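Undergrad: TSV, C-alpha atoms, file my_file-v9.tsv:
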```tsv
chain	number	residue	atom	x	y	z
A	226	MET	CA	109.87	107.53	79.00
A	227	SER	CA	112.95	108.42	80.95
A	228	SER	CA	113.82	112.04	81.59
A	229	ALA	CA	117.29	113.54	81.83
A	230	ASN	CA	116.96	113.51	85.61
A	231	PRO	CA	117.40	109.98	87.03
A	232	LEU	CA	116.70	111.15	90.60
A	233	LEU	CA	113.34	112.55	89.50
A	234	ASP	CA	112.58	109.30	87.64
A	235	PHE	CA	113.44	107.28	90.70
A	236	VAL	CA	111.25	109.40	92.99
A	237	LEU	CA	108.35	109.10	90.53
A	238	ILE	CA	108.55	105.28	90.35
A	239	HIS	CA	107.92	105.07	94.07
A	240	ALA	CA	105.49	107.99	94.27
A	241	ASP	CA	103.43	106.41	91.46
A	242	ASN	CA	103.55	102.97	93.10
A	243	SER	CA	102.02	104.48	96.24
A	244	LEU	CA	99.43	106.62	94.46
A	245	ILE	CA	98.20	103.91	92.09
A	246	LEU	CA	98.12	101.20	94.77
A	247	SER	CA	96.25	103.64	96.97
A	248	GLN	CA	93.71	104.32	94.22
A	249	ARG	CA	93.09	100.58	93.85
A	250	LEU	CA	92.79	100.04	97.60
A	251	SER	CA	90.37	102.93	97.94
A	252	GLU	CA	88.04	101.21	95.45
A	253	TRP	CA	87.30	98.86	98.37
A	254	CYS	CA	85.88	101.69	100.50
A	255	GLY	CA	82.43	100.52	101.60
A	256	HIS	CA	82.88	97.13	99.88
A	257	GLY	CA	85.25	95.33	102.28
A	258	PRO	CA	84.30	91.77	103.29
A	259	VAL	CA	83.77	92.91	106.90
A	260	LEU	CA	83.87	96.35	108.49
A	261	GLU	CA	87.27	95.87	110.18
A	262	GLN	CA	88.93	94.86	106.91
A	263	ASP	CA	87.22	97.65	105.01
A	264	MET	CA	88.89	100.01	107.52
A	265	ALA	CA	92.22	98.24	107.17
A	266	LEU	CA	92.17	98.55	103.37
A	267	THR	CA	91.29	102.24	103.46
A	268	ASN	CA	93.79	102.97	106.27
A	269	ILE	CA	96.53	101.44	104.14
A	270	ALA	CA	95.30	103.46	101.15
A	271	LEU	CA	95.55	106.61	103.27
A	272	ASP	CA	99.12	105.85	104.38
A	273	HIS	CA	100.09	105.44	100.73
A	274	ILE	CA	98.49	108.76	99.76
A	275	GLY	CA	100.57	110.41	102.47
A	276	ARG	CA	103.72	108.78	101.17
A	277	ALA	CA	102.89	109.70	97.57
A	278	ARG	CA	102.39	113.34	98.61
A	279	LEU	CA	105.77	113.56	100.34
A	280	LEU	CA	107.43	112.11	97.23
A	281	TYR	CA	105.50	114.26	94.71
A	282	GLN	CA	106.35	117.38	96.72
A	283	TYR	CA	110.01	116.43	96.37
A	284	ALA	CA	109.52	115.59	92.68
A	285	ALA	CA	108.02	119.04	92.10
A	286	GLU	CA	111.14	120.64	93.63
A	287	LEU	CA	113.45	118.45	91.55
A	288	ASP	CA	111.48	119.19	88.40
A	289	GLY	CA	111.86	122.91	89.02
A	290	THR	CA	109.44	124.06	86.31
A	291	GLY	CA	106.76	125.24	88.71
A	292	LYS	CA	104.74	122.02	88.74
A	293	THR	CA	102.96	121.10	91.97
A	294	GLU	CA	102.40	117.73	93.63
A	295	ASP	CA	98.88	117.72	92.16
A	296	ASP	CA	100.19	118.15	88.60
A	297	PHE	CA	102.20	114.96	89.02
A	298	ALA	CA	99.28	113.07	90.50
A	299	PHE	CA	96.45	114.23	88.25
A	300	VAL	CA	97.45	115.65	84.90
A	301	ARG	CA	100.13	113.38	83.52
A	302	ASP	CA	99.42	110.96	80.69
A	303	GLU	CA	99.60	107.19	80.87
A	304	LEU	CA	103.15	106.97	79.44
A	305	ASP	CA	104.46	109.34	82.12
A	306	TYR	CA	103.48	107.12	85.06
A	307	LYS	CA	106.28	104.82	86.21
A	308	ASN	CA	104.49	102.53	88.67
A	309	VAL	CA	104.99	98.78	88.41
A	310	LEU	CA	102.25	96.77	86.68
A	311	LEU	CA	101.44	95.03	89.96
A	312	ALA	CA	100.25	98.30	91.55
A	313	GLU	CA	97.63	98.87	88.85
A	314	TYR	CA	96.40	95.26	88.71
A	315	PRO	CA	92.64	95.27	89.37
A	316	ASN	CA	91.32	94.23	92.79
A	317	VAL	CA	89.43	91.22	91.31
A	318	ASP	CA	88.54	89.83	94.75
A	319	PHE	CA	89.81	89.97	98.34
A	320	ALA	CA	92.39	87.21	97.70
A	321	TYR	CA	93.94	89.05	94.73
A	322	THR	CA	93.98	92.29	96.73
A	323	ILE	CA	95.71	90.59	99.67
A	324	LEU	CA	98.31	88.95	97.49
A	325	ARG	CA	99.04	92.16	95.55
A	326	GLN	CA	99.47	93.94	98.89
A	327	PHE	CA	101.75	91.19	100.22
A	328	PHE	CA	103.98	91.40	97.13
A	329	MET	CA	104.23	95.19	97.51
A	330	ASP	CA	104.79	95.12	101.31
A	331	SER	CA	107.37	92.31	101.15
A	332	PHE	CA	109.43	94.58	98.89
A	333	TYR	CA	108.90	97.89	100.66
A	334	ILE	CA	109.60	96.58	104.16
A	335	ASP	CA	113.26	95.93	103.29
A	336	PHE	CA	113.58	98.62	100.61
A	337	LEU	CA	112.49	101.37	103.02
A	338	ASP	CA	114.63	99.95	105.81
A	339	LYS	CA	117.70	100.35	103.56
A	340	MET	CA	116.51	103.66	102.07
A	341	VAL	CA	116.88	105.18	105.54
A	342	LEU	CA	120.63	105.00	104.83
A	343	SER	CA	120.27	106.82	101.49
A	344	THR	CA	122.82	109.56	100.76
A	345	ASP	CA	119.82	111.71	99.77
A	346	THR	CA	118.68	113.24	103.08
A	347	ARG	CA	115.14	113.98	101.94
A	348	LEU	CA	114.54	110.42	100.70
A	349	SER	CA	116.08	109.03	103.87
A	350	GLN	CA	113.62	111.05	105.98
A	351	ILE	CA	110.62	110.03	103.88
A	352	ALA	CA	111.70	106.36	104.10
A	353	ASN	CA	112.07	106.61	107.85
A	354	LYS	CA	108.58	108.09	108.10
A	355	SER	CA	107.06	105.41	105.84
A	356	LEU	CA	108.85	102.39	107.26
A	357	LYS	CA	106.82	102.08	110.46
A	358	GLU	CA	103.60	102.28	108.44
A	359	THR	CA	104.76	99.55	106.05
A	360	GLN	CA	105.66	97.30	108.98
A	361	TYR	CA	101.99	97.37	109.98
A	362	HIS	CA	100.87	96.80	106.37
A	363	TYR	CA	103.24	93.86	105.98
A	364	LYS	CA	102.06	92.20	109.16
A	365	TRP	CA	98.45	92.55	108.01
A	366	SER	CA	98.92	91.29	104.44
A	367	LYS	CA	101.17	88.41	105.52
A	368	ASP	CA	98.68	87.32	108.20
A	369	TRP	CA	95.90	87.32	105.61
A	370	VAL	CA	97.91	85.31	103.06
A	371	ILE	CA	98.39	82.65	105.75
A	372	ARG	CA	94.80	82.88	106.97
A	373	LEU	CA	93.35	82.44	103.48
A	374	GLY	CA	95.89	79.85	102.32
A	375	ASP	CA	95.60	77.80	105.50
A	376	GLY	CA	91.87	78.43	105.88
A	377	THR	CA	88.94	76.73	104.21
A	378	GLU	CA	89.00	74.82	100.93
A	379	VAL	CA	87.41	77.81	99.19
A	380	SER	CA	89.74	80.45	100.68
A	381	HIS	CA	92.76	78.29	99.83
A	382	GLN	CA	91.62	77.84	96.26
A	383	LYS	CA	90.94	81.57	95.85
A	384	ILE	CA	94.34	82.73	97.04
A	385	GLN	CA	96.15	79.99	95.11
A	386	THR	CA	94.34	81.20	91.98
A	387	ALA	CA	95.40	84.76	92.73
A	388	LEU	CA	98.98	83.60	93.30
A	389	ASN	CA	99.09	81.69	90.01
A	390	ARG	CA	97.88	84.80	88.18
A	391	LEU	CA	99.89	87.51	90.00
A	392	TRP	CA	103.18	85.58	90.21
A	393	GLU	CA	104.42	87.00	86.91
A	394	TYR	CA	103.92	90.54	88.26
A	395	HIS	CA	105.87	90.24	91.51
A	396	GLY	CA	109.38	90.46	90.07
A	397	GLU	CA	109.29	93.90	88.42
A	398	LEU	CA	109.80	95.68	91.76
A	399	VAL	CA	113.26	94.16	92.30
A	400	VAL	CA	114.58	94.66	88.75
A	401	PRO	CA	116.22	98.11	88.73
A	402	SER	CA	115.30	100.49	85.90
A	403	ASP	CA	118.03	102.56	84.20
A	404	ALA	CA	117.33	105.43	86.60
A	405	GLU	CA	117.42	103.08	89.58
A	406	LYS	CA	120.78	101.66	88.46
A	407	ILE	CA	122.25	105.18	88.52
A	408	MET	CA	120.73	105.74	91.97
A	409	ILE	CA	122.23	102.49	93.25
A	410	ALA	CA	125.66	103.51	91.93
A	411	GLN	CA	125.33	106.84	93.75
A	412	LYS	CA	124.19	105.09	96.95
A	413	ILE	CA	120.94	107.05	96.82
A	414	ALA	CA	119.16	103.69	96.39
A	415	PRO	CA	120.17	100.45	98.13
A	416	ASP	CA	121.53	97.31	96.51
A	417	PHE	CA	118.54	95.57	94.87
A	418	GLU	CA	120.17	92.11	94.94
A	419	GLU	CA	120.20	92.15	98.73
A	420	ILE	CA	116.56	93.28	98.89
A	421	LYS	CA	115.58	90.64	96.34
A	422	ALA	CA	117.17	87.90	98.47
A	423	LEU	CA	115.47	89.10	101.65
A	424	ARG	CA	112.14	89.35	99.86
A	425	THR	CA	112.37	85.91	98.27
A	426	GLN	CA	112.94	84.47	101.71
A	427	ARG	CA	109.92	86.32	103.14
A	428	ILE	CA	107.75	85.14	100.23
A	429	LEU	CA	108.79	81.48	100.33
A	430	GLU	CA	108.46	81.24	104.13
A	431	THR	CA	105.01	82.81	104.06
A	432	PHE	CA	103.74	80.59	101.21
A	433	ALA	CA	105.07	77.50	103.00
A	434	GLU	CA	103.22	78.50	106.18
A	435	ALA	CA	100.09	79.22	104.12
A	436	ASN	CA	100.25	75.80	102.37
A	437	LEU	CA	100.46	77.54	99.01
A	438	THR	CA	102.28	76.16	95.99
A	439	THR	CA	104.80	78.66	94.66
A	440	PRO	CA	104.54	78.77	90.86
A	441	SER	CA	107.64	77.51	89.06
A	442	ASN	CA	107.31	79.81	86.02
A	443	PRO	CA	110.34	82.13	86.13
A	444	TRP	CA	109.07	84.53	83.43
A	445	GLN	CA	108.16	88.00	84.69
A	446	GLN	CA	106.21	90.94	83.29
A	447	SER	CA	107.92	94.32	83.03
A	448	GLY	CA	107.38	97.72	81.45
A	449	GLY	CA	105.59	99.78	84.10
A	450	LYS	CA	108.75	101.60	85.19
A	451	LYS	CA	109.26	102.67	81.55
A	452	GLY	CA	105.67	103.86	81.20
A	453	TYR	CA	104.30	100.83	79.31
A	454	HIS	CA	101.17	99.92	81.21
A	455	SER	CA	98.48	97.25	81.13
A	456	GLU	CA	95.08	97.59	79.50
A	457	HIS	CA	93.62	98.26	82.96
A	458	PHE	CA	95.55	101.46	83.53
A	459	GLY	CA	93.66	103.82	81.24
A	460	PHE	CA	90.41	103.06	83.03
A	461	LEU	CA	92.03	103.70	86.40
A	462	LEU	CA	93.44	107.06	85.26
A	463	THR	CA	90.12	108.08	83.70
A	464	GLU	CA	88.39	107.74	87.04
A	465	MET	CA	91.24	109.10	89.16
A	466	GLN	CA	91.87	112.15	86.97
A	467	PHE	CA	88.26	112.93	86.04
A	468	MET	CA	87.80	115.96	88.27
A	469	GLN	CA	91.05	117.72	87.31
A	470	ARG	CA	90.56	116.95	83.60
A	471	ALA	CA	86.94	118.18	83.60
A	472	TYR	CA	87.58	121.22	85.82
A	473	PRO	CA	91.28	122.08	85.57
A	474	GLY	CA	92.68	123.60	88.75
A	475	LEU	CA	89.56	122.82	90.77
A	476	ASP	CA	90.22	123.27	94.48
A	477	TRP	CA	88.29	122.41	97.65
B	298	MET	CA	121.93	137.42	110.48
B	299	THR	CA	118.63	137.08	112.32
B	300	GLU	CA	118.89	136.12	115.96
B	301	THR	CA	117.18	132.93	117.13
B	302	LYS	CA	115.98	132.82	120.74
B	303	ILE	CA	114.38	130.06	122.76
B	304	ASN	CA	112.95	130.13	126.31
B	305	THR	CA	111.85	133.75	126.06
B	306	SER	CA	108.66	134.99	127.69
B	307	ARG	CA	107.03	134.85	124.23
B	308	THR	CA	107.94	131.18	123.65
B	309	GLU	CA	106.90	130.31	127.23
B	310	ASN	CA	103.54	132.04	126.66
B	311	ALA	CA	103.17	130.12	123.40
B	312	LYS	CA	103.71	126.85	125.28
B	313	LYS	CA	100.97	127.77	127.75
B	314	ILE	CA	98.61	128.52	124.87
B	315	LEU	CA	99.45	125.23	123.12
B	316	HIS	CA	98.51	123.27	126.26
B	317	GLU	CA	94.96	124.34	125.35
B	318	VAL	CA	95.11	123.36	121.66
B	319	TYR	CA	93.68	119.88	121.26
B	320	ASP	CA	93.87	117.09	118.71
B	321	PRO	CA	90.60	117.26	116.73
B	322	GLU	CA	90.24	113.45	116.70
B	323	ILE	CA	91.26	112.83	120.32
B	324	PRO	CA	90.07	115.99	122.06
B	325	VAL	CA	91.61	115.14	125.46
B	326	LEU	CA	95.17	115.34	124.10
B	327	SER	CA	96.82	118.70	123.63
B	328	VAL	CA	99.27	119.10	120.77
B	329	LEU	CA	102.02	119.13	123.42
B	330	ASP	CA	100.79	115.86	124.97
B	331	LEU	CA	100.80	114.34	121.49
B	332	GLY	CA	104.45	115.27	120.96
B	333	VAL	CA	103.97	116.86	117.55
B	334	ILE	CA	105.37	120.27	118.56
B	335	ARG	CA	109.13	119.93	118.11
B	336	SER	CA	110.39	123.43	118.62
B	337	ILE	CA	109.15	126.92	119.49
B	338	ARG	CA	111.56	129.79	118.92
B	339	GLU	CA	111.76	133.47	118.11
B	340	VAL	CA	113.52	134.23	114.86
B	341	GLY	CA	113.73	138.01	114.70
B	342	GLU	CA	110.14	139.24	114.81
B	343	ILE	CA	108.67	135.89	113.93
B	344	LEU	CA	107.55	133.12	116.26
B	345	GLU	CA	108.48	129.86	114.51
B	346	VAL	CA	106.84	126.57	115.47
B	347	ASP	CA	108.04	123.20	114.13
B	348	ILE	CA	105.35	120.54	113.79
B	349	THR	CA	105.95	116.91	112.83
B	350	PRO	CA	103.17	114.70	111.40
B	351	THR	CA	102.06	111.62	113.33
B	352	TYR	CA	101.17	109.49	110.30
B	353	SER	CA	102.17	110.76	106.86
B	354	ALA	CA	98.58	111.17	105.71
B	355	CYS	CA	96.85	111.91	109.02
B	356	PRO	CA	93.98	114.25	108.03
B	357	ALA	CA	94.10	115.87	111.49
B	358	MET	CA	97.52	117.42	110.80
B	359	LYS	CA	96.16	120.26	108.67
B	360	VAL	CA	93.56	121.07	111.32
B	361	ILE	CA	96.22	120.96	114.05
B	362	GLU	CA	98.41	123.33	112.06
B	363	MET	CA	95.54	125.78	111.57
B	364	SER	CA	94.50	125.54	115.24
B	365	VAL	CA	98.06	126.26	116.40
B	366	GLN	CA	98.32	129.24	114.07
B	367	ALA	CA	94.93	130.62	115.14
B	368	ALA	CA	95.53	130.14	118.88
B	369	LEU	CA	98.90	131.90	118.80
B	370	ASP	CA	97.57	134.70	116.61
B	371	GLN	CA	94.59	135.23	118.92
B	372	ALA	CA	96.89	135.39	121.94
B	373	GLY	CA	98.75	138.22	120.24
B	374	LEU	CA	101.92	136.21	119.85
B	375	GLY	CA	102.12	136.58	116.06
B	376	PRO	CA	103.45	136.84	113.47
B	377	VAL	CA	103.69	133.04	113.52
B	378	LYS	CA	105.34	130.75	111.03
B	379	ILE	CA	104.61	127.02	111.09
B	380	ASN	CA	107.20	124.61	109.67
B	381	THR	CA	106.55	120.94	108.98
B	382	VAL	CA	109.56	118.80	109.83
B	383	LEU	CA	109.95	115.08	109.08
B	384	ASP	CA	113.18	114.38	110.89
B	385	PRO	CA	113.42	112.95	113.48
B	386	VAL	CA	110.24	110.98	112.80
B	387	TRP	CA	107.41	111.17	115.30
B	388	THR	CA	107.08	108.32	117.73
B	389	THR	CA	104.54	107.53	120.45
B	390	ASP	CA	107.54	107.66	122.83
B	391	TRP	CA	107.10	111.44	122.69
B	392	MET	CA	103.60	111.30	124.11
B	393	SER	CA	103.63	112.88	127.59
B	394	ALA	CA	102.94	110.80	130.70
B	395	GLU	CA	99.93	113.04	131.44
B	396	GLY	CA	98.77	112.45	127.88
B	397	LYS	CA	98.80	108.69	128.41
B	398	VAL	CA	96.76	109.04	131.62
B	399	LYS	CA	94.27	111.31	129.83
B	400	LEU	CA	93.93	108.78	126.99
B	401	LEU	CA	93.19	105.97	129.43
B	402	GLU	CA	90.57	108.05	131.25
B	403	TYR	CA	89.00	108.90	127.89
B	404	GLY	CA	88.64	105.17	127.11
B	405	ILE	CA	91.57	104.69	124.71
B	406	ALA	CA	94.31	102.28	125.75
B	407	PRO	CA	97.59	104.25	125.56
B	408	PRO	CA	100.65	102.96	123.66
B	409	GLN	CA	102.26	100.39	125.93
B	410	LEU	CA	105.78	99.69	124.84
B	411	SER	CA	108.57	101.88	123.71
B	412	ALA	CA	108.35	102.14	119.95
B	413	ARG	CA	112.08	101.47	119.88
B	414	ILE	CA	111.41	97.81	120.51
B	415	LYS	CA	108.97	97.96	117.66
B	416	ASN	CA	108.93	94.32	116.67
B	417	LEU	CA	107.64	93.38	120.09
B	418	SER	CA	104.79	95.82	119.76
B	419	LEU	CA	103.33	94.23	116.64
B	420	GLY	CA	100.60	92.00	117.95
B	421	ASN	CA	102.37	90.23	120.80
B	422	THR	CA	101.69	92.79	123.49
B	423	THR	CA	99.06	92.43	126.19
B	424	ILE	CA	96.78	95.44	126.14
B	425	SER	CA	94.69	96.22	129.22
B	426	CYS	CA	91.04	97.14	128.83
B	427	PRO	CA	90.58	100.86	129.63
B	428	GLN	CA	87.11	100.11	131.11
B	429	CYS	CA	87.80	97.24	133.53
B	430	ALA	CA	91.62	96.88	133.42
B	431	SER	CA	91.38	93.21	132.44
B	432	THR	CA	94.29	91.88	130.39
B	433	ASN	CA	92.01	89.28	128.79
B	434	THR	CA	91.70	91.24	125.53
B	435	VAL	CA	91.91	90.44	121.84
B	436	CYS	CA	92.92	92.47	118.80
B	437	ILE	CA	89.98	92.74	116.37
B	438	SER	CA	91.83	94.78	113.75
B	439	GLU	CA	95.30	96.31	113.47
B	440	PHE	CA	93.60	99.26	111.77
B	441	GLY	CA	91.00	101.26	113.65
B	442	SER	CA	88.93	104.41	113.46
B	443	THR	CA	91.99	106.60	112.77
B	444	ALA	CA	95.46	105.87	111.37
B	445	CYS	CA	96.99	105.81	114.86
B	446	LYS	CA	94.62	103.31	116.49
B	447	ALA	CA	93.90	99.57	116.48
B	448	LEU	CA	90.60	98.01	117.50
B	449	TYR	CA	90.49	95.67	120.52
B	450	LYS	CA	87.80	93.86	122.49
B	451	CYS	CA	87.77	92.98	126.18
B	452	LYS	CA	86.73	89.36	126.74
B	453	ASP	CA	85.75	90.03	130.36
B	454	CYS	CA	83.56	93.14	130.17
B	455	LEU	CA	82.90	92.55	126.43
B	456	GLU	CA	83.46	96.24	125.58
B	457	PRO	CA	85.25	97.05	122.33
B	458	PHE	CA	87.93	99.74	122.67
B	459	ASP	CA	90.57	101.64	120.74
B	460	TYR	CA	94.27	101.12	121.33
B	461	PHE	CA	96.70	103.89	120.41
B	462	LYS	CA	99.33	101.91	118.50
B	463	CYS	CA	103.03	102.09	119.26
B	464	HIS	CA	104.68	103.93	116.46
```
For this file, write the structure as structure tokens.

TA:
Amino acid sequence: MSSANPLLDFVLIHADNSLILSQRLSEWCGHGPVLEQDMALTNIALDHIGRARLLYQYAAELDGTGKTEDDFAFVRDELDYKNVLLAEYPNVDFAYTILRQFFMDSFYIDFLDKMVLSTDTRLSQIANKSLKETQYHYKWSKDWVIRLGDGTEVSHQKIQTALNRLWEYHGELVVPSDAEKIMIAQKIAPDFEEIKALRTQRILETFAEANLTTPSNPWQQSGGKKGYHSEHFGFLLTEMQFMQRAYPGLDW
Amino acid sequence: MTETKINTSRTENAKKILHEVYDPEIPVLSVLDLGVIRSIREVGEILEVDITPTYSACPAMKVIEMSVQAALDQAGLGPVKINTVLDPVWTTDWMSAEGKVKLLEYGIAPPQLSARIKNLSLGNTTISCPQCASTNTVCISEFGSTACKALYKCKDCLEPFDYFKCH
């Protein structure tokens, strides 16, 4: 569902990516494999909530109909969310969660770096604020991909399984939507081809170091940016939106 | 047009007050030590204070904002208006030298390198133990008890400790 405002659409893609990824990561709270990694997962979730808020606040201004950041987060329907399918993919296990995070971070580390140069001042500032956080996330997820892939027989097998399954979800981030194409033309968004090349290099180098076999299947899932989501998404929204749906306008 | 004034007796008084307003999570650091106060100025009748967030979702920011507002109001320096500014982005380079000493005395290893050479600060830095000053330490987790800290352990005195990350 694209609106008549490509800038708003663009902001929502990235706000929704952060919110939905954050919701998934927060499901780990109290269930991490060890205390330190439980804290890492929830710290990363928190950073993404912060980023989502900054973007939703901007979206609310762009929308101009009196909506607030919370309206965007909690009372939209499934078709209105524009996050990539990767962000909503269930946690499954620690290996899947790590790989999903690595695919997100390996995109955002270069995307945000270039977004700092955006002709949109507000987005440039938000990118600059988020970049340092993503650098920490990337280091963490990359280290864990290598640690699991180059670890024990079991850890290797688990992350290779996750890679084989999630591979078809990694590409959607670097394929620009209609709104993103307009943003690229206006130099509000950076050139995706350049980011794609940088990311491919990061991915291949990391998998080589982790002794992982990169799947050869070139086919990629898509649809999230247009609002067509996976069967998992309704369940996620049901839990995430419960409070605002049951008690509209509820405040602390 | 409303006149904007800095370095007045009111803004200087406000600075003195803010030296006594502390970070709720790290109660030895004042908001000035932390470097989150970016500007204090008089705009007409109003005292405007610019605050920048440390981490984008740091839960302490709301408390800091309310504490700043309350402290200035109580000191009779109101009306006060707090603005949140994102640009330029906060960096640990803005932490005061006294702030770093206070952190160390409190048992938190202060940020060691300039955040400008950020790639060096990710994992390859030697962090000294705040208890025994040994450099024989190891990073347990890049993510610690708050967004701004990593968890380390000293291999000599065996104490775990927090490290305030370069940012």

Undergrad: Restricting the calculation to only C-alpha atoms, which member of A:Glu303, A:Glu252, A:Asp241, A:Asp296 is positioned closest to A:Ile274?

TA: A:Asp241

Undergrad: Can you check which residues of chain B have any atom within 9 Å of chain A? Use only C-alpha atoms and format it as a PyMOL selection string.

TA: chain B and resi 352-355+383-387+415-416+419-420+437-444+448+464

Undergrad: Which value, in Å to one decimal, gives the distance between atom CA of A:Ile409 and atom CA of A:Ser441?

TA: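 Separation between atom CA of A:Ile409 and atom CA of A:Ser441: 29.2 Å.
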
Undergrad: Atom CA of A:Arg301 and atom CA of A:Thr463, how far apart in Å?

TA: 11.3 Å

Undergrad: Go ahead and compute the interatomic distance for atom CA of A:Gln411 and atom CA of A:Leu232, in Å to one decimal.

TA: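 That distance, rounded to one decimal, is 10.1 Å.
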
Undergrad: Extract, using only C-alpha atoms, all DNA, RNA and protein residues at most 12 Å from A:Thr431, discarding same-chain residues fewer than 5 positions from it, and format them as a short mmCIF file (atom, residue, chain, number, x, y, z; two decimals) with C-alpha atoms, keeping the file's coordinate frame.

TA:
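result_2.cif was written with the following content:
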```cif
data_model
loop_
_atom_site.label_atom_id
_atom_site.label_comp_id
_atom_site.auth_asym_id
_atom_site.auth_seq_id
_atom_site.Cartn_x
_atom_site.Cartn_y
_atom_site.Cartn_z
CA LEU A 324 98.31 88.95 97.49
CA PHE A 327 101.75 91.19 100.22
CA PHE A 328 103.98 91.40 97.13
CA SER A 331 107.37 92.31 101.15
CA TYR A 363 103.24 93.86 105.98
CA LYS A 364 102.06 92.20 109.16
CA SER A 366 98.92 91.29 104.44
CA LYS A 367 101.17 88.41 105.52
CA ASP A 368 98.68 87.32 108.20
CA TRP A 369 95.90 87.32 105.61
CA VAL A 370 97.91 85.31 103.06
CA ILE A 371 98.39 82.65 105.75
CA ARG A 372 94.80 82.88 106.97
CA LEU A 373 93.35 82.44 103.48
CA GLY A 374 95.89 79.85 102.32
CA ASP A 375 95.60 77.80 105.50
CA ARG A 424 112.14 89.35 99.86
CA THR A 425 112.37 85.91 98.27
CA GLN A 426 112.94 84.47 101.71
CA ASN A 436 100.25 75.80 102.37
CA LEU A 437 100.46 77.54 99.01
CA THR A 438 102.28 76.16 95.99
CA THR A 439 104.80 78.66 94.66
#
```

Undergrad: With C-alpha atoms as the atom set, please write stretch 268-291 of chain A from the structure just given, as a tab-separated table (two decimals), in the first residue's frame.

TA:
```tsv
chain	number	residue	atom	x	y	z
A	268	ASN	CA	20.12	-3.67	24.59
A	269	ILE	CA	19.95	-3.95	20.81
A	270	ALA	CA	16.15	-4.11	21.02
A	271	LEU	CA	16.20	-0.90	23.06
A	272	ASP	CA	18.42	0.92	20.55
A	273	HIS	CA	15.98	-0.03	17.80
A	274	ILE	CA	12.99	1.24	19.79
A	275	GLY	CA	14.80	4.56	20.14
A	276	ARG	CA	15.46	4.70	16.43
A	277	ALA	CA	11.86	3.74	15.60
A	278	ARG	CA	10.60	6.54	17.87
A	279	LEU	CA	12.74	9.20	16.18
A	280	LEU	CA	11.47	8.03	12.78
A	281	TYR	CA	7.79	7.73	13.81
A	282	GLN	CA	7.93	11.23	15.32
A	283	TYR	CA	9.11	12.48	11.93
A	284	ALA	CA	6.49	10.36	10.15
A	285	ALA	CA	3.76	11.93	12.30
A	286	GLU	CA	4.93	15.40	11.23
A	287	LEU	CA	5.05	14.39	7.57
A	288	ASP	CA	1.62	12.80	7.79
A	289	GLY	CA	0.20	16.02	9.18
A	290	THR	CA	-3.22	14.62	10.14
A	291	GLY	CA	-2.64	14.77	13.87
```
